Protein chains: 2
Amino acid sequence: MRKNLPSVETFVSGILAGDRVLLARAITLVESALPAHELLARQIIDALLEKQNIPAATLRVGISGAPGAGKSTFIEALGTYLTEREEKVAVLAIDPSSALSQGSILGDKTRMEQLSASPLAFIRPSPSGNTLGGVARKTRETILLAEAAGYHNVLIETVGVGQSETAVHSMSDVFLLLLIPGAGDELQGIKRGIVEMADILVVNKADGDRVTLANQARMHYLNATHLLPPKPSGWSPQVLACSALEKTNIEKVWETVLIYRDSTLANGFFAENRRKQAAYWLHESLRQGLERLLAEMPELTALEQAVLEGRISPFSAAAQVLGKLQAKSMF
Amino acid sequence: MRKNLPSVETFVSGILAGDRVLLARAITLVESALPAHELLARQIIDALLEKQNIPAATLRVGISGAPGAGKSTFIEALGTYLTEREEKVAVLAIDPSSALSQGSILGDKTRMEQLSASPLAFIRPSPSGNTLGGVARKTRETILLAEAAGYHNVLIETVGVGQSETAVHSMSDVFLLLLIPGAGDELQGIKRGIVEMADILVVNKADGDRVTLANQARMHYLNATHLLPPKPSGWSPQVLACSALEKTNIEKVWETVLIYRDSTLANGFFAENRRKQAAYWLHESLRQGLERLLAEMPELTALEQAVLEGRISPFSAAAQVLGKLQAKSMF
């Protein structure tokens, strides 16, 4: 199938020129399960990394919040705010449920009608996959492609279910948590750990008769954040209120994001965090690759049977498989 | 160092004869980081598995509870109850903090003075290790050795901190959760998931002026367990009250454990669960072995540097490492 595809060079020059079609095709390669496609995708990404040091000029914003917090409306409002200022923005997603739902988040672009109409915006639904790790890795690679295509602002959306936040956090420069006015953490199903992850807490839906409620929630979280341990970034979490619906205070949210970026660029955390994330994804990719490799080993089935029948200990079976790996040319 | 050690045959015959010294030495091999020791330990365990189908006649009881629930006193009381009936019992532990504390649980055997004095009891502190997975794997192997030595009742203790419960649950036939009278889940720092794991909830310290409190707590948990989803074992969690201090109702606790065993033996869950656990430990051991292998790869350091400097993508670096693995004879 390789020959039906454009060359690495075509992809690279096209993506660097901002060709949306080639960008979308490259992302499809990233999301493909075919080894040939994965190889081509890696070659494209490496070539792009050689051509330019992408990270320097880009900003990756992780956005989470419990269902009902209005993530789509917020991202539509924030994205539109950026495109109106001639800023290019990519909207990606990590949806752990995508394995089942084939990507519920962003799957329905009409949820972001205005933003998706803009030539400066690139919206891509969550890749599907069997594991959160696999889904997340694909999104992490897609970030590099989108940035290379000039989408220097990347918004990464996820659902508020815990593990997926950690995944998004592992590829974001700054982490936004969207909150609903008047609902406690428990009601919002937000784990304390996720609140601790957030650099900026945004109480959404501060509109109509909910304004007072929103400001109360803002004060509640403001007090809560004071109790949190200090962050390695040296940043004290900010708590804002906005209305994605009425597009009020969206500018304030983005300004705060930029203040975070500048302060972490200044104290070196921004670059250090990017390095740590890259190392994390190296090891995560290795782990995933090794597990895939194991799943492909025929010996495993037989040994597993022996283990199930109690004829051999799981530990000795594992040692045998590891021993047989080197003989294989499966890598 | 291998030659200073008894042969596999010596270990096997000794352990099958119930030799406590050889059992202890074999466990030390399991806990050793030396490849030669690990290999010998695996050979011993496999030889023992060949000689007899250990699982059939044994019972593995996971015991957890928040600090202060009186786990040691309870295990002393339950263990003594068994030894007084000429039953052999092994007491093992999984202590995730052991990496730091070098095994705080059971480290001080004098906490179980009476039990440790009995020739029918074998008490072993938690192995230490860098990862919970590693610590847990060693305990899982130790169970096989203790059972081969005739300790057909194995009590596995852990602290109530979440992950370690899952580890103990993954090697237990039945899971006991020890509770303190009059303290809610939150106060006891017990996560809902852990209560859901429990087959038998035991409110301890039902003595003196706490009896009423204990019975209230028992009712509280009884109602709570009715709300839990049905278990694959088909067993509905039982809630008991006892006093480990005054040794009241300990018999009732053990009878309930035996009823659980008989009902799950009858419906086939007992055997199925053991099989699932063995498969789990096969894959867990593989994962650990592969990670150790990766840590030993020199290429990794150089590639990691390239990744950190943004010269190559983490994903392509991972692919290169996987490609180099086969050439190595590191397995």
# chains A, B, ... in the order shown; residues from 1 in each chain; ligands from 1
>>> select_by_dssp(residues="region 13-260 of chain B", states="strand (DSSP E)", output="PyMOL selection string")
chain B and resi 59-65+89-94+121-123+153-158+174-179+200-203+238-241
>>> residues_around(residues="Lys71 (chain B)", least_positions_apart="3", cutoff="12 Å", atoms="only C-alpha atoms", output="PyMOL selection string")
chain B and resi 62-68+74-79+91+93+105-106+111-112+155-160+176-180+202-205+243-245
>>> write_last_selection(atoms="N, CA and C atoms", output="mmCIF file, in the first residue's frame")
data_model
loop_
_atom_site.group_PDB
_atom_site.id
_atom_site.type_symbol
_atom_site.label_atom_id
_atom_site.label_comp_id
_atom_site.auth_asym_id
_atom_site.auth_seq_id
_atom_site.Cartn_x
_atom_site.Cartn_y
_atom_site.Cartn_z
ATOM 1 N N GLY B 62 -6.318 -12.888 51.656
ATOM 2 C CA GLY B 62 -5.792 -11.518 51.667
ATOM 3 C C GLY B 62 -6.437 -10.736 52.791
ATOM 4 N N ILE B 63 -5.634 -10.005 53.542
ATOM 5 C CA ILE B 63 -6.158 -9.241 54.674
ATOM 6 C C ILE B 63 -5.667 -7.805 54.594
ATOM 7 N N SER B 64 -6.620 -6.866 54.593
ATOM 8 C CA SER B 64 -6.233 -5.469 54.575
ATOM 9 C C SER B 64 -7.056 -4.666 55.567
ATOM 10 N N GLY B 65 -6.701 -3.426 55.690
ATOM 11 C CA GLY B 65 -7.414 -2.564 56.624
ATOM 12 C C GLY B 65 -6.575 -1.325 56.885
ATOM 13 N N ALA B 66 -7.251 -0.227 57.200
ATOM 14 C CA ALA B 66 -6.525 1.017 57.423
ATOM 15 C C ALA B 66 -5.582 0.871 58.629
ATOM 16 N N PRO B 67 -4.525 1.651 58.658
ATOM 17 C CA PRO B 67 -3.671 1.660 59.850
ATOM 18 C C PRO B 67 -4.532 1.911 61.095
ATOM 19 N N GLY B 68 -4.308 1.111 62.125
ATOM 20 C CA GLY B 68 -5.103 1.286 63.339
ATOM 21 C C GLY B 68 -6.269 0.319 63.433
ATOM 22 N N PHE B 74 -5.174 -9.007 64.783
ATOM 23 C CA PHE B 74 -6.154 -9.883 64.147
ATOM 24 C C PHE B 74 -5.470 -11.110 63.549
ATOM 25 N N ILE B 75 -4.360 -10.894 62.865
ATOM 26 C CA ILE B 75 -3.649 -12.009 62.229
ATOM 27 C C ILE B 75 -3.071 -12.932 63.296
ATOM 28 N N GLU B 76 -2.572 -12.342 64.390
ATOM 29 C CA GLU B 76 -2.096 -13.154 65.506
ATOM 30 C C GLU B 76 -3.233 -14.034 66.036
ATOM 31 N N ALA B 77 -4.406 -13.423 66.201
ATOM 32 C CA ALA B 77 -5.550 -14.167 66.754
ATOM 33 C C ALA B 77 -6.013 -15.246 65.772
ATOM 34 N N LEU B 78 -6.141 -14.885 64.496
ATOM 35 C CA LEU B 78 -6.618 -15.839 63.496
ATOM 36 C C LEU B 78 -5.586 -16.950 63.290
ATOM 37 N N GLY B 79 -4.313 -16.563 63.229
ATOM 38 C CA GLY B 79 -3.251 -17.547 63.040
ATOM 39 C C GLY B 79 -3.199 -18.511 64.210
ATOM 40 N N VAL B 91 2.233 -16.525 57.252
ATOM 41 C CA VAL B 91 1.824 -15.125 57.220
ATOM 42 C C VAL B 91 2.836 -14.347 56.392
ATOM 43 N N ALA B 93 3.417 -10.753 53.627
ATOM 44 C CA ALA B 93 2.959 -9.367 53.553
ATOM 45 C C ALA B 93 3.406 -8.710 52.261
ATOM 46 N N ILE B 105 5.783 -3.742 57.534
ATOM 47 C CA ILE B 105 4.796 -4.742 57.956
ATOM 48 C C ILE B 105 5.494 -6.044 58.357
ATOM 49 N N LEU B 106 5.084 -6.611 59.445
ATOM 50 C CA LEU B 106 5.612 -7.892 59.923
ATOM 51 C C LEU B 106 7.111 -7.839 60.181
ATOM 52 N N ARG B 111 5.465 -8.387 67.273
ATOM 53 C CA ARG B 111 4.070 -7.945 67.237
ATOM 54 C C ARG B 111 3.159 -9.172 67.209
ATOM 55 N N MET B 112 3.724 -10.323 66.852
ATOM 56 C CA MET B 112 2.932 -11.554 66.837
ATOM 57 C C MET B 112 3.633 -12.613 67.666
ATOM 58 N N LEU B 155 -1.922 -16.399 54.960
ATOM 59 C CA LEU B 155 -2.520 -15.081 55.211
ATOM 60 C C LEU B 155 -1.591 -14.030 54.617
ATOM 61 N N ILE B 156 -2.121 -13.210 53.705
ATOM 62 C CA ILE B 156 -1.301 -12.167 53.077
ATOM 63 C C ILE B 156 -1.795 -10.814 53.544
ATOM 64 N N GLU B 157 -0.936 -10.149 54.297
ATOM 65 C CA GLU B 157 -1.316 -8.867 54.877
ATOM 66 C C GLU B 157 -0.854 -7.712 53.989
ATOM 67 N N THR B 158 -1.641 -6.659 53.957
ATOM 68 C CA THR B 158 -1.170 -5.441 53.304
ATOM 69 C C THR B 158 -1.712 -4.229 54.037
ATOM 70 N N VAL B 159 -1.165 -3.066 53.700
ATOM 71 C CA VAL B 159 -1.649 -1.832 54.309
ATOM 72 C C VAL B 159 -2.777 -1.284 53.451
ATOM 73 N N GLY B 160 -3.635 -0.491 54.026
ATOM 74 C CA GLY B 160 -4.816 -0.021 53.292
ATOM 75 C C GLY B 160 -4.538 1.222 52.479
ATOM 76 N N LEU B 176 -10.262 -10.268 52.868
ATOM 77 C CA LEU B 176 -10.848 -9.743 54.098
ATOM 78 C C LEU B 176 -10.468 -8.285 54.281
ATOM 79 N N LEU B 177 -11.461 -7.479 54.648
ATOM 80 C CA LEU B 177 -11.176 -6.083 54.950
ATOM 81 C C LEU B 177 -11.502 -5.818 56.417
ATOM 82 N N LEU B 178 -10.484 -5.378 57.135
ATOM 83 C CA LEU B 178 -10.633 -5.116 58.563
ATOM 84 C C LEU B 178 -11.049 -3.663 58.785
ATOM 85 N N LEU B 179 -12.087 -3.471 59.605
ATOM 86 C CA LEU B 179 -12.620 -2.125 59.810
ATOM 87 C C LEU B 179 -12.617 -1.754 61.281
ATOM 88 N N ILE B 180 -12.621 -0.444 61.538
ATOM 89 C CA ILE B 180 -12.629 0.058 62.909
ATOM 90 C C ILE B 180 -14.047 0.499 63.255
ATOM 91 N N VAL B 202 -14.749 -7.283 58.213
ATOM 92 C CA VAL B 202 -14.689 -7.608 59.635
ATOM 93 C C VAL B 202 -14.481 -6.341 60.448
ATOM 94 N N VAL B 203 -15.511 -6.009 61.244
ATOM 95 C CA VAL B 203 -15.359 -4.870 62.151
ATOM 96 C C VAL B 203 -14.636 -5.369 63.402
ATOM 97 N N ASN B 204 -13.407 -4.937 63.560
ATOM 98 C CA ASN B 204 -12.575 -5.389 64.677
ATOM 99 C C ASN B 204 -12.815 -4.487 65.899
ATOM 100 N N LYS B 205 -12.206 -4.871 67.011
ATOM 101 C CA LYS B 205 -12.271 -4.074 68.242
ATOM 102 C C LYS B 205 -13.685 -4.021 68.815
ATOM 103 N N SER B 243 -13.463 -9.363 68.047
ATOM 104 C CA SER B 243 -12.429 -8.689 68.831
ATOM 105 C C SER B 243 -11.155 -9.520 68.775
ATOM 106 N N ALA B 244 -10.183 -9.037 68.037
ATOM 107 C CA ALA B 244 -8.907 -9.750 67.953
ATOM 108 C C ALA B 244 -8.238 -9.741 69.322
ATOM 109 N N LEU B 245 -8.457 -8.651 70.053
ATOM 110 C CA LEU B 245 -7.836 -8.495 71.373
ATOM 111 C C LEU B 245 -8.355 -9.571 72.329
#
>>> residues_around(residues="Leu49 (chain A)", least_positions_apart="5", cutoff="8 Å", atoms="only C-alpha atoms", output="PyMOL selection string")
(chain A and resi 54) or (chain B and resi 310-313)
>>> write_last_selection(atoms="all heavy atoms", output="short mmCIF file (atom, residue, chain, number, x, y, z; two decimals), in the first residue's frame")
data_model
loop_
_atom_site.label_atom_id
_atom_site.label_comp_id
_atom_site.auth_asym_id
_atom_site.auth_seq_id
_atom_site.Cartn_x
_atom_site.Cartn_y
_atom_site.Cartn_z
N ILE A 54 10.36 22.50 16.28
CA ILE A 54 8.94 22.83 16.46
C ILE A 54 8.62 23.38 17.86
O ILE A 54 8.10 24.48 17.99
CB ILE A 54 8.06 21.60 16.18
CG1 ILE A 54 8.20 21.20 14.72
CG2 ILE A 54 6.62 21.88 16.52
CD1 ILE A 54 7.73 19.80 14.41
N GLY B 310 15.36 17.00 21.03
CA GLY B 310 14.38 17.21 19.96
C GLY B 310 14.90 16.87 18.58
O GLY B 310 14.32 17.25 17.57
N ARG B 311 16.02 16.10 18.52
CA ARG B 311 16.59 15.74 17.22
C ARG B 311 15.82 14.59 16.59
O ARG B 311 15.91 14.34 15.39
CB ARG B 311 18.07 15.38 17.37
CG ARG B 311 18.95 16.59 17.63
CD ARG B 311 20.42 16.25 17.60
NE ARG B 311 20.90 15.71 18.88
CZ ARG B 311 21.24 14.44 19.06
NH1 ARG B 311 21.13 13.57 18.07
NH2 ARG B 311 21.68 14.04 20.25
N ILE B 312 15.11 13.82 17.43
CA ILE B 312 14.37 12.66 16.93
C ILE B 312 13.11 12.52 17.77
O ILE B 312 13.10 12.90 18.96
CB ILE B 312 15.26 11.39 17.00
CG1 ILE B 312 14.50 10.14 16.57
CG2 ILE B 312 15.81 11.19 18.39
CD1 ILE B 312 15.38 8.90 16.56
N SER B 313 12.06 12.00 17.18
CA SER B 313 10.81 11.89 17.95
C SER B 313 10.90 10.68 18.89
O SER B 313 11.57 9.70 18.58
CB SER B 313 9.62 11.71 17.01
OG SER B 313 9.46 10.34 16.70
#
>>> interface_residues(of="chain A", to="chain B", cutoff="6 Å", atoms="only C-alpha atoms", output="PDB file with C-alpha atoms, in the first residue's frame")
ATOM      1  CA  ARG A  42       7.693   8.122  11.896  1.00  0.00           C
ATOM      2  CA  ASP A  46      11.494  12.848  12.147  1.00  0.00           C
ATOM      3  CA  ARG A 275      12.106  17.370  27.733  1.00  0.00           C
ATOM      4  CA  ALA A 278       9.600  13.532  25.447  1.00  0.00           C
ATOM      5  CA  TRP A 281       6.836   9.177  25.563  1.00  0.00           C
ATOM      6  CA  LEU A 282      10.003   7.378  24.586  1.00  0.00           C
ATOM      7  CA  SER A 285       6.271   3.894  23.263  1.00  0.00           C
ATOM      8  CA  LEU A 286       8.848   1.265  24.166  1.00  0.00           C
ATOM      9  CA  LEU A 308      -3.162 -22.144  33.510  1.00  0.00           C
ATOM     10  CA  ILE A 312       4.762 -24.341  35.291  1.00  0.00           C
ATOM     11  CA  SER A 313       4.960 -21.193  37.381  1.00  0.00           C
ATOM     12  CA  PRO A 314       4.035 -17.888  35.723  1.00  0.00           C
ATOM     13  CA  PHE A 315       7.485 -16.588  36.612  1.00  0.00           C
ATOM     14  CA  SER A 316       9.375 -19.374  34.933  1.00  0.00           C
ATOM     15  CA  ALA A 318       7.864 -15.437  31.679  1.00  0.00           C
ATOM     16  CA  LEU A 322      12.033 -13.504  27.464  1.00  0.00           C
ATOM     17  CA  GLY A 323      14.680 -16.042  26.582  1.00  0.00           C
ATOM     18  CA  GLN A 326      16.183 -12.711  21.061  1.00  0.00           C
ATOM     19  CA  PHE A 331      11.224  -6.337  15.972  1.00  0.00           C
TER      20      PHE A 331
END
>>> select_by_dssp(residues="region 88-248 of chain A", states="helix (DSSP H, G or I)", output="PyMOL selection string")
chain A and resi 98-101+109-117+132-148+163-169+185-188+192-197+208-226
>>> atom_distance(atom1="CA of Leu82 (chain B)", atom2="CA of Glu251 (chain B)")
9.2 Å
>>> atom_distance(atom1="CA of Asp207 (chain B)", atom2="CA of Glu246 (chain B)")
7.1 Å
>>> residues_around(residues="Val12 (chain B)", least_positions_apart="2", cutoff="8 Å", atoms="only C-alpha atoms", output="count of residues only")
9
>>> residues_around(residues="Gln216 (chain B)", least_positions_apart="3", cutoff="8 Å", atoms="only C-alpha atoms", output="PyMOL selection string")
chain B and resi 181-182+212-213+219-220
>>> atom_distance(atom1="CA of Met197 (chain A)", atom2="CA of Gly133 (chain B)")
25.2 Å
>>> residues_around(residues="Lys231 (chain B)", least_positions_apart="5", cutoff="9 Å", atoms="only C-alpha atoms", output="list in words")
Glu196, Met197, Asp199, Ser236 and Pro237 of chain B
>>> write_last_selection(atoms="C-alpha atoms", output="short mmCIF file (atom, residue, chain, number, x, y, z; two decimals), in the first residue's frame")
data_model
loop_
_atom_site.label_atom_id
_atom_site.label_comp_id
_atom_site.auth_asym_id
_atom_site.auth_seq_id
_atom_site.Cartn_x
_atom_site.Cartn_y
_atom_site.Cartn_z
CA GLU B 196 -15.98 -3.56 46.69
CA MET B 197 -13.00 -5.94 46.56
CA ASP B 199 -15.54 -10.74 50.28
CA SER B 236 -22.58 -11.68 48.61
CA PRO B 237 -20.09 -9.97 50.95
#
